[in-house]
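J.: Contents of target_17.csv (CSV, C-alpha atoms and all ligand atoms) are below:
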chain,number,residue,atom,x,y,z
A,1,MET,CA,101.6,-47.3,22.8
A,2,GLU,CA,98.6,-45.3,24.0
A,3,ILE,CA,99.3,-42.7,26.7
A,4,THR,CA,96.5,-42.1,29.2
A,5,PRO,CA,95.9,-38.5,30.5
A,6,GLU,CA,97.1,-39.7,34.0
A,7,ALA,CA,100.3,-41.2,32.7
A,8,ASN,CA,100.9,-38.1,30.5
A,9,GLU,CA,100.5,-35.8,33.5
A,10,GLY,CA,102.9,-38.0,35.5
A,11,ARG,CA,105.4,-37.6,32.7
A,12,ARG,CA,105.1,-33.9,32.8
A,13,ARG,CA,105.6,-33.8,36.5
A,14,GLY,CA,108.6,-36.1,36.3
A,15,LEU,CA,110.1,-33.8,33.7
A,16,SER,CA,109.4,-30.6,35.7
A,17,ARG,CA,111.1,-32.1,38.8
A,18,ARG,CA,114.2,-32.8,36.7
A,19,ALA,CA,114.1,-29.3,35.1
A,20,ALA,CA,113.9,-27.8,38.6
A,21,ILE,CA,116.9,-29.7,39.7
A,22,LEU,CA,118.8,-28.5,36.7
A,23,GLY,CA,117.7,-25.0,37.3
A,24,GLY,CA,116.3,-25.0,33.7
A,25,THR,CA,113.4,-23.0,32.2
A,26,GLY,CA,111.1,-25.9,32.9
A,27,ILE,CA,110.2,-24.2,36.3
A,28,ALA,CA,108.8,-21.2,34.5
A,29,VAL,CA,106.8,-23.3,32.1
A,30,VAL,CA,105.2,-25.4,34.8
A,31,SER,CA,104.4,-22.5,37.2
A,32,ALA,CA,103.1,-20.3,34.4
A,33,ALA,CA,101.0,-23.0,32.9
A,34,GLY,CA,99.8,-24.8,36.0
A,35,THR,CA,98.0,-27.4,33.9
A,36,ALA,CA,98.8,-29.1,30.6
A,37,THR,CA,99.5,-26.8,27.7
A,38,ALA,CA,100.9,-27.2,24.2
A,39,THR,CA,104.2,-25.9,25.5
A,40,ASP,CA,104.6,-28.9,27.8
A,41,GLU,CA,104.1,-31.3,24.9
A,42,VAL,CA,107.0,-30.2,22.8
A,43,VAL,CA,109.6,-30.9,25.6
A,44,THR,CA,111.5,-34.1,25.0
A,45,TYR,CA,110.3,-36.8,27.4
A,46,ARG,CA,112.8,-38.9,29.4
A,47,SER,CA,111.8,-42.1,31.1
A,48,PRO,CA,111.9,-42.2,34.9
A,49,THR,CA,114.6,-44.8,34.6
A,50,TYR,CA,116.8,-42.4,32.6
A,51,ARG,CA,119.0,-41.7,35.7
A,52,VAL,CA,119.2,-45.4,36.5
A,53,SER,CA,120.4,-46.9,33.2
A,54,PRO,CA,122.2,-44.6,30.8
A,55,MET,CA,122.8,-46.2,27.5
A,56,PRO,CA,122.1,-49.8,28.7
A,57,ASP,CA,122.1,-51.1,25.1
A,58,THR,CA,125.8,-50.1,24.6
A,59,VAL,CA,127.1,-52.3,27.5
A,60,THR,CA,128.2,-55.6,26.0
A,61,ALA,CA,131.2,-56.4,28.3
A,62,PRO,CA,131.7,-56.7,32.0
A,63,MET,CA,131.5,-53.2,33.5
A,64,SER,CA,131.9,-52.2,37.1
A,65,VAL,CA,132.9,-49.4,39.5
A,66,ARG,CA,133.9,-50.1,43.0
A,67,ILE,CA,132.6,-48.0,45.9
A,68,THR,CA,134.7,-47.8,49.0
A,69,TRP,CA,133.8,-46.4,52.4
A,70,HIS,CA,136.4,-48.2,54.5
A,71,THR,CA,139.1,-50.5,53.3
A,72,GLU,CA,139.6,-54.1,54.5
A,73,ALA,CA,141.4,-53.8,57.8
A,74,PRO,CA,145.2,-53.8,57.0
A,75,PRO,CA,147.3,-56.1,59.2
A,76,THR,CA,148.9,-53.1,61.0
A,77,LEU,CA,146.6,-50.3,62.3
A,78,THR,CA,146.2,-47.9,59.4
A,79,ALA,CA,144.1,-44.8,58.9
A,80,HIS,CA,143.7,-43.5,55.3
A,81,LEU,CA,143.8,-39.8,55.0
A,82,THR,CA,141.9,-37.9,52.3
A,83,PHE,CA,141.6,-34.2,51.4
A,84,ASP,CA,139.0,-32.7,49.1
A,85,ASP,CA,138.4,-29.4,47.3
A,86,GLY,CA,142.0,-28.4,46.6
A,87,PRO,CA,144.5,-27.6,45.3
A,88,SER,CA,144.8,-24.3,47.2
A,89,PRO,CA,148.1,-22.3,47.3
A,90,VAL,CA,147.1,-21.2,50.8
A,91,TRP,CA,145.9,-24.4,52.4
A,92,THR,CA,147.4,-27.3,50.6
A,93,PRO,CA,151.1,-26.4,51.6
A,94,ARG,CA,150.0,-26.1,55.2
A,95,ILE,CA,148.4,-29.6,55.0
A,96,LEU,CA,151.5,-31.0,53.3
A,97,ASP,CA,153.5,-29.6,56.2
A,98,THR,CA,151.3,-31.2,58.8
A,99,LEU,CA,151.4,-34.5,56.9
A,100,HIS,CA,155.2,-34.3,56.7
A,101,ARG,CA,155.5,-33.6,60.4
A,102,ASN,CA,153.4,-36.6,61.2
A,103,ASP,CA,155.2,-39.0,58.7
A,104,ALA,CA,151.9,-39.4,56.9
A,105,THR,CA,150.7,-39.7,53.3
A,106,ALA,CA,147.3,-39.0,51.9
A,107,THR,CA,145.0,-39.0,48.9
A,108,PHE,CA,143.9,-35.6,47.6
A,109,PHE,CA,140.7,-35.4,45.5
A,110,MET,CA,141.1,-32.3,43.4
A,111,LEU,CA,138.9,-29.9,41.4
A,112,HIS,CA,139.8,-29.0,37.8
A,113,GLU,CA,139.0,-25.4,38.3
A,114,PHE,CA,141.8,-25.1,40.8
A,115,ILE,CA,144.2,-27.6,39.1
A,116,LYS,CA,144.2,-25.3,36.1
A,117,GLY,CA,145.3,-22.3,38.2
A,118,HIS,CA,147.7,-24.1,40.5
A,119,PRO,CA,149.6,-26.8,38.6
A,120,ASP,CA,152.6,-26.1,40.9
A,121,VAL,CA,150.6,-27.1,43.9
A,122,VAL,CA,149.5,-30.3,42.2
A,123,ARG,CA,153.1,-31.1,41.4
A,124,GLN,CA,154.1,-30.4,45.0
A,125,VAL,CA,151.5,-32.8,46.3
A,126,HIS,CA,152.6,-35.5,43.9
A,127,ASP,CA,156.3,-35.0,44.6
A,128,ALA,CA,155.7,-35.4,48.3
A,129,GLY,CA,154.5,-38.9,47.7
A,130,HIS,CA,150.7,-38.4,48.0
A,131,GLU,CA,148.0,-39.8,45.7
A,132,ILE,CA,145.8,-37.5,43.6
A,133,GLY,CA,142.3,-38.4,42.6
A,134,VAL,CA,139.4,-36.6,40.8
A,135,HIS,CA,136.8,-34.5,42.7
A,136,GLY,CA,135.2,-33.0,39.5
A,137,GLY,CA,135.4,-29.9,37.4
A,138,ASP,CA,133.9,-27.5,40.0
A,139,HIS,CA,131.9,-28.5,43.0
A,140,THR,CA,128.6,-29.2,41.2
A,141,ASP,CA,126.5,-32.0,42.5
A,142,MET,CA,127.2,-34.6,39.8
A,143,THR,CA,123.7,-36.1,39.9
A,144,THR,CA,122.5,-32.9,38.3
A,145,LEU,CA,124.8,-33.2,35.3
A,146,GLU,CA,124.1,-35.1,32.1
A,147,PRO,CA,126.1,-38.3,32.1
A,148,ALA,CA,127.9,-37.7,28.9
A,149,GLN,CA,128.8,-34.1,30.0
A,150,LEU,CA,130.0,-35.4,33.4
A,151,ALA,CA,132.1,-38.1,31.7
A,152,GLY,CA,133.8,-35.3,29.7
A,153,ILE,CA,134.4,-33.3,32.8
A,154,LEU,CA,135.9,-36.3,34.7
A,155,SER,CA,138.1,-37.2,31.7
A,156,THR,CA,139.4,-33.6,31.3
A,157,THR,CA,140.2,-33.5,35.0
A,158,ARG,CA,141.9,-36.8,35.0
A,159,HIS,CA,144.0,-35.8,32.0
A,160,ALA,CA,145.0,-32.5,33.5
A,161,ILE,CA,146.3,-34.4,36.6
A,162,THR,CA,148.1,-36.9,34.3
A,163,GLU,CA,149.8,-34.1,32.4
A,164,ILE,CA,151.2,-32.5,35.5
A,165,THR,CA,152.2,-35.6,37.5
A,166,GLY,CA,152.7,-38.3,34.9
A,167,VAL,CA,150.4,-40.5,36.8
A,168,SER,CA,146.8,-41.2,35.7
A,169,PRO,CA,144.3,-41.1,38.6
A,170,THR,CA,142.0,-44.2,39.0
A,171,ARG,CA,139.9,-42.9,41.9
A,172,MET,CA,137.3,-40.3,42.2
A,173,ARG,CA,135.1,-38.8,45.0
A,174,PRO,CA,131.9,-37.0,44.0
A,175,PRO,CA,131.2,-33.6,45.8
A,176,TYR,CA,128.9,-34.1,48.8
A,177,GLY,CA,129.4,-37.9,48.4
A,178,ARG,CA,126.3,-37.7,46.1
A,179,LEU,CA,126.2,-40.2,43.3
A,180,ASP,CA,123.8,-42.3,41.3
A,181,ALA,CA,124.1,-44.9,38.5
A,182,PRO,CA,124.8,-42.3,35.8
A,183,VAL,CA,127.6,-40.8,37.9
A,184,LEU,CA,129.1,-44.3,38.2
A,185,TRP,CA,128.7,-44.8,34.5
A,186,ALA,CA,130.4,-41.5,33.8
A,187,ALA,CA,133.3,-42.4,36.1
A,188,HIS,CA,133.8,-45.6,34.2
A,189,GLN,CA,133.7,-43.8,30.9
A,190,ALA,CA,136.4,-41.5,32.2
A,191,GLY,CA,138.7,-44.4,33.2
A,192,LEU,CA,138.0,-44.1,36.9
A,193,ASP,CA,137.2,-47.5,38.4
A,194,GLU,CA,136.8,-46.6,42.1
A,195,VAL,CA,134.6,-44.2,44.0
A,196,VAL,CA,136.0,-43.4,47.4
A,197,LEU,CA,133.6,-42.1,50.1
A,198,TRP,CA,134.6,-42.0,53.8
A,199,SER,CA,133.9,-43.6,57.1
A,200,HIS,CA,135.2,-40.8,59.4
A,201,ARG,CA,135.8,-37.1,59.2
A,202,THR,CA,137.9,-34.5,61.0
A,203,GLY,CA,135.3,-31.8,60.7
A,204,GLY,CA,135.9,-28.3,61.8
A,205,SER,CA,136.5,-28.8,65.5
A,206,ARG,CA,138.5,-31.0,67.9
A,207,GLN,CA,135.2,-32.4,69.2
A,208,GLU,CA,134.5,-33.9,65.8
A,209,ALA,CA,138.1,-35.1,65.5
A,210,GLN,CA,137.8,-36.6,68.9
A,211,ALA,CA,134.7,-38.5,67.7
A,212,ALA,CA,136.7,-39.9,64.8
A,213,LEU,CA,139.4,-40.9,67.2
A,214,ASP,CA,136.9,-42.6,69.6
A,215,HIS,CA,135.6,-44.7,66.7
A,216,ALA,CA,138.9,-45.3,65.0
A,217,SER,CA,139.4,-48.6,63.2
A,218,SER,CA,142.0,-50.0,60.9
A,219,GLY,CA,141.2,-49.2,57.3
A,220,MET,CA,139.2,-46.1,58.2
A,221,ILE,CA,139.0,-43.4,55.6
A,222,ILE,CA,139.1,-39.9,57.0
A,223,LEU,CA,137.6,-37.0,55.1
A,224,SER,CA,139.3,-33.6,55.5
A,225,HIS,CA,139.6,-30.6,53.2
A,226,ASP,CA,142.4,-28.5,51.8
A,227,GLY,CA,140.6,-26.0,49.6
A,228,ARG,CA,137.6,-24.0,48.4
A,229,SER,CA,135.7,-22.5,51.4
A,230,SER,CA,135.6,-26.0,53.0
A,231,VAL,CA,138.7,-25.6,55.1
A,232,ASN,CA,139.6,-23.1,57.8
A,233,ASP,CA,142.0,-22.8,60.7
A,234,ALA,CA,139.7,-24.9,62.9
A,235,GLU,CA,139.8,-27.8,60.6
A,236,LEU,CA,143.6,-27.5,60.2
A,237,ASP,CA,143.8,-27.4,64.0
A,238,ALA,CA,141.6,-30.6,64.2
A,239,ILE,CA,143.9,-32.4,61.7
A,240,GLY,CA,147.0,-31.2,63.5
A,241,TRP,CA,145.6,-32.6,66.7
A,242,LEU,CA,144.2,-35.9,65.4
A,243,LEU,CA,147.3,-37.2,63.6
A,244,PRO,CA,149.6,-37.4,66.6
A,245,GLN,CA,146.7,-38.9,68.6
A,246,LEU,CA,146.2,-41.7,66.0
A,247,ARG,CA,150.0,-42.2,66.0
A,248,ALA,CA,150.0,-42.6,69.8
A,249,ARG,CA,147.4,-45.3,69.4
A,250,GLY,CA,149.6,-47.2,67.1
A,251,PHE,CA,148.1,-46.1,63.7
A,252,SER,CA,150.1,-45.3,60.7
A,253,MET,CA,148.5,-42.8,58.3
A,254,THR,CA,148.7,-43.4,54.6
A,255,ARG,CA,147.1,-42.7,51.3
A,256,LEU,CA,144.6,-45.2,50.0
A,257,PRO,CA,146.1,-48.6,49.3
B,301,ZN,ZN,134.1,-31.4,48.1
Output the structure of this file as structure tokens.
Ligand SMILES: [Zn+2]

T.:
Amino acid sequence: MEITPEANEGRRRGLSRRAAILGGTGIAVVSAAGTATATDEVVTYRSPTYRVSPMPDTVTAPMSVRITWHTEAPPTLTAHLTFDDGPSPVWTPRILDTLHRNDATATFFMLHEFIKGHPDVVRQVHDAGHEIGVHGGDHTDMTTLEPAQLAGILSTTRHAITEITGVSPTRMRPPYGRLDAPVLWAAHQAGLDEVVLWSHRTGGSRQEAQAALDHASSGMIILSHDGRSSVNDAELDAIGWLLPQLRARGFSMTRLP
């Protein structure tokens, strides 16, 4: 196939954008060269659909990943609680205590970098009857990772959780809620068949928690945090305030169904 100069330039631009996202050396190449140079030509080209259809030829059987923002309204008023970015030896036990006091269970989406350091906290979460899902290796935006690399990270994280709890996670939540088709593909490769986002959040203040309460609906999925720099006393206070409020309105609070 013949490549016109215009198309070729478009190819270089497409590549440089991706290189910029990845923080690779492509930025230096582009800014130093400005226009087409021999250096540009040696870089392996990837089609613009690369992030859309990883390895399409290898799919020969039904393949799907479910994405959930809000569950189908359960017959009794139910709010699903989720906590991201743990486990943390500081915050997770405090959250567990809050959940226990409110007769609530939750789903925790954990990061491998903290699972490795705090397997005892992972076990504590599991033993208290909560669900554990995968949030990734560290908190990198998954859409910037190579699909095969991401599949490896998700698989490693999943197995680390399985080794500690004896239960294999089937759900994952990508950091920042950012995902694209290759992220979904990687999740599937790693044995995760559901991506869980959220419909409500506690946020870091009672005002935000009040907004979640004002718009509460059965099947709602509430996002909160129990680790990294994402949680603080204000968020813990917001959660501690919101749960009894939900209970007073007739909601039970549970992990994902
Ligand atoms: Zn997160």

J.: Write out as a Markdown table a residue-level contact list of stretch 207-229 of chain A versus stretch 63-76 of chain A with cut-off 12 Å: for each qualifying residue the closest pair of atoms and the distance in Å to one decimal, counting only C-alpha atoms, rows sorted by chain and residue number upward.

T.:
| residue | atom | partner | partner_atom | distance |
| --- | --- | --- | --- | --- |
| A:Ala216 | CA | A:His70 | CA | 11.2 |
| A:Ser217 | CA | A:Ala73 | CA | 7.8 |
| A:Ser218 | CA | A:Ala73 | CA | 4.9 |
| A:Gly219 | CA | A:Ala73 | CA | 4.6 |
| A:Met220 | CA | A:His70 | CA | 5.1 |
| A:Ile221 | CA | A:His70 | CA | 5.6 |
| A:Ile222 | CA | A:His70 | CA | 9.1 |
| A:Leu223 | CA | A:Trp69 | CA | 10.5 |

J.: If we count all atoms listed in the file and set the cut-off at 10 Å, which residues sit around A:Trp241, ignoring sequence neighbours fewer than 6 positions away in its own chain? Please answer as a compact mmCIF listing (two decimals) with C-alpha atoms, keeping the file's coordinate frame.

T.:
# COMPACT_ATOMS: atom_id res chain seq x y z
CA THR A 98 151.30 -31.20 58.80
CA THR A 202 137.90 -34.50 61.00
CA SER A 205 136.50 -28.80 65.50
CA ARG A 206 138.50 -31.00 67.90
CA ALA A 209 138.10 -35.10 65.50
CA GLN A 210 137.80 -36.60 68.90
CA GLU A 235 139.80 -27.80 60.60

J.: Dump as JSON lines the rows for residues of chain A within 7 Å of ligand ZN 301 (chain B): closest atom pair and distance in Å with one decimal, only C-alpha atoms and all ligand atoms counted, ordered by chain and rising residue number.

T.:
{"residue": "A:Asp84", "atom": "CA", "partner": "B:ZN301", "partner_atom": "ZN", "distance": 5.2}
{"residue": "A:Asp85", "atom": "CA", "partner": "B:ZN301", "partner_atom": "ZN", "distance": 4.8}
{"residue": "A:His135", "atom": "CA", "partner": "B:ZN301", "partner_atom": "ZN", "distance": 6.8}
{"residue": "A:His139", "atom": "CA", "partner": "B:ZN301", "partner_atom": "ZN", "distance": 6.3}
{"residue": "A:Pro175", "atom": "CA", "partner": "B:ZN301", "partner_atom": "ZN", "distance": 4.3}
{"residue": "A:Tyr176", "atom": "CA", "partner": "B:ZN301", "partner_atom": "ZN", "distance": 5.9}

J.: May I ask which of the residues A:Phe251, A:Phe108, A:Phe83, A:Trp91 is the closest one to A:Pro169, counting only C-alpha atoms?

T.: A:Phe108

J.: Counting all atoms listed in the file, which residue out of A:Val121, A:Leu179, A:Ala128, A:Ile161 sits closest to A:Pro147?

T.: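 Of the candidates, the smallest distance to A:Pro147 is held by A:Leu179.
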
J.: Would you mind reading off the distance between atom CA of A:Gln189 and atom CA of A:Ala160, one decimal, in Å?

T.: 16.2 Å

J.: Can you tell me, as a PyMOL selection string, which residues sit within 12 Å of (137.8, -45.0, 34.9) in the file's frame, using all atoms listed in the file?

T.: chain A and resi 63-66+133-134+151-152+154-155+157-159+168-172+183-195

J.: With all atoms listed in the file counted, which protein, DNA or RNA residues have an atom no more than 12 Å from (138.7, -29.4, 54.7) in the file frame? Please answer as number ranges by chain.

T.: A: 81-88, 91-92, 94-95, 108-110, 201-205, 222-239

J.: Please produce an output containing C-alpha atoms for each residue in the selection, written as an mmCIF file, in the frame of the given file.

T.:
data_model
loop_
_atom_site.group_PDB
_atom_site.id
_atom_site.type_symbol
_atom_site.label_atom_id
_atom_site.label_comp_id
_atom_site.auth_asym_id
_atom_site.auth_seq_id
_atom_site.Cartn_x
_atom_site.Cartn_y
_atom_site.Cartn_z
ATOM 1 C CA LEU A 81 143.800 -39.800 55.000
ATOM 2 C CA THR A 82 141.900 -37.900 52.300
ATOM 3 C CA PHE A 83 141.600 -34.200 51.400
ATOM 4 C CA ASP A 84 139.000 -32.700 49.100
ATOM 5 C CA ASP A 85 138.400 -29.400 47.300
ATOM 6 C CA GLY A 86 142.000 -28.400 46.600
ATOM 7 C CA PRO A 87 144.500 -27.600 45.300
ATOM 8 C CA SER A 88 144.800 -24.300 47.200
ATOM 9 C CA TRP A 91 145.900 -24.400 52.400
ATOM 10 C CA THR A 92 147.400 -27.300 50.600
ATOM 11 C CA ARG A 94 150.000 -26.100 55.200
ATOM 12 C CA ILE A 95 148.400 -29.600 55.000
ATOM 13 C CA PHE A 108 143.900 -35.600 47.600
ATOM 14 C CA PHE A 109 140.700 -35.400 45.500
ATOM 15 C CA MET A 110 141.100 -32.300 43.400
ATOM 16 C CA ARG A 201 135.800 -37.100 59.200
ATOM 17 C CA THR A 202 137.900 -34.500 61.000
ATOM 18 C CA GLY A 203 135.300 -31.800 60.700
ATOM 19 C CA GLY A 204 135.900 -28.300 61.800
ATOM 20 C CA SER A 205 136.500 -28.800 65.500
ATOM 21 C CA ILE A 222 139.100 -39.900 57.000
ATOM 22 C CA LEU A 223 137.600 -37.000 55.100
ATOM 23 C CA SER A 224 139.300 -33.600 55.500
ATOM 24 C CA HIS A 225 139.600 -30.600 53.200
ATOM 25 C CA ASP A 226 142.400 -28.500 51.800
ATOM 26 C CA GLY A 227 140.600 -26.000 49.600
ATOM 27 C CA ARG A 228 137.600 -24.000 48.400
ATOM 28 C CA SER A 229 135.700 -22.500 51.400
ATOM 29 C CA SER A 230 135.600 -26.000 53.000
ATOM 30 C CA VAL A 231 138.700 -25.600 55.100
ATOM 31 C CA ASN A 232 139.600 -23.100 57.800
ATOM 32 C CA ASP A 233 142.000 -22.800 60.700
ATOM 33 C CA ALA A 234 139.700 -24.900 62.900
ATOM 34 C CA GLU A 235 139.800 -27.800 60.600
ATOM 35 C CA LEU A 236 143.600 -27.500 60.200
ATOM 36 C CA ASP A 237 143.800 -27.400 64.000
ATOM 37 C CA ALA A 238 141.600 -30.600 64.200
ATOM 38 C CA ILE A 239 143.900 -32.400 61.700
#

J.: Record the distance separating atom CA of A:Leu145 and atom CA of A:Gly177, expressed in Å with one decimal.

T.: 14.7 Å
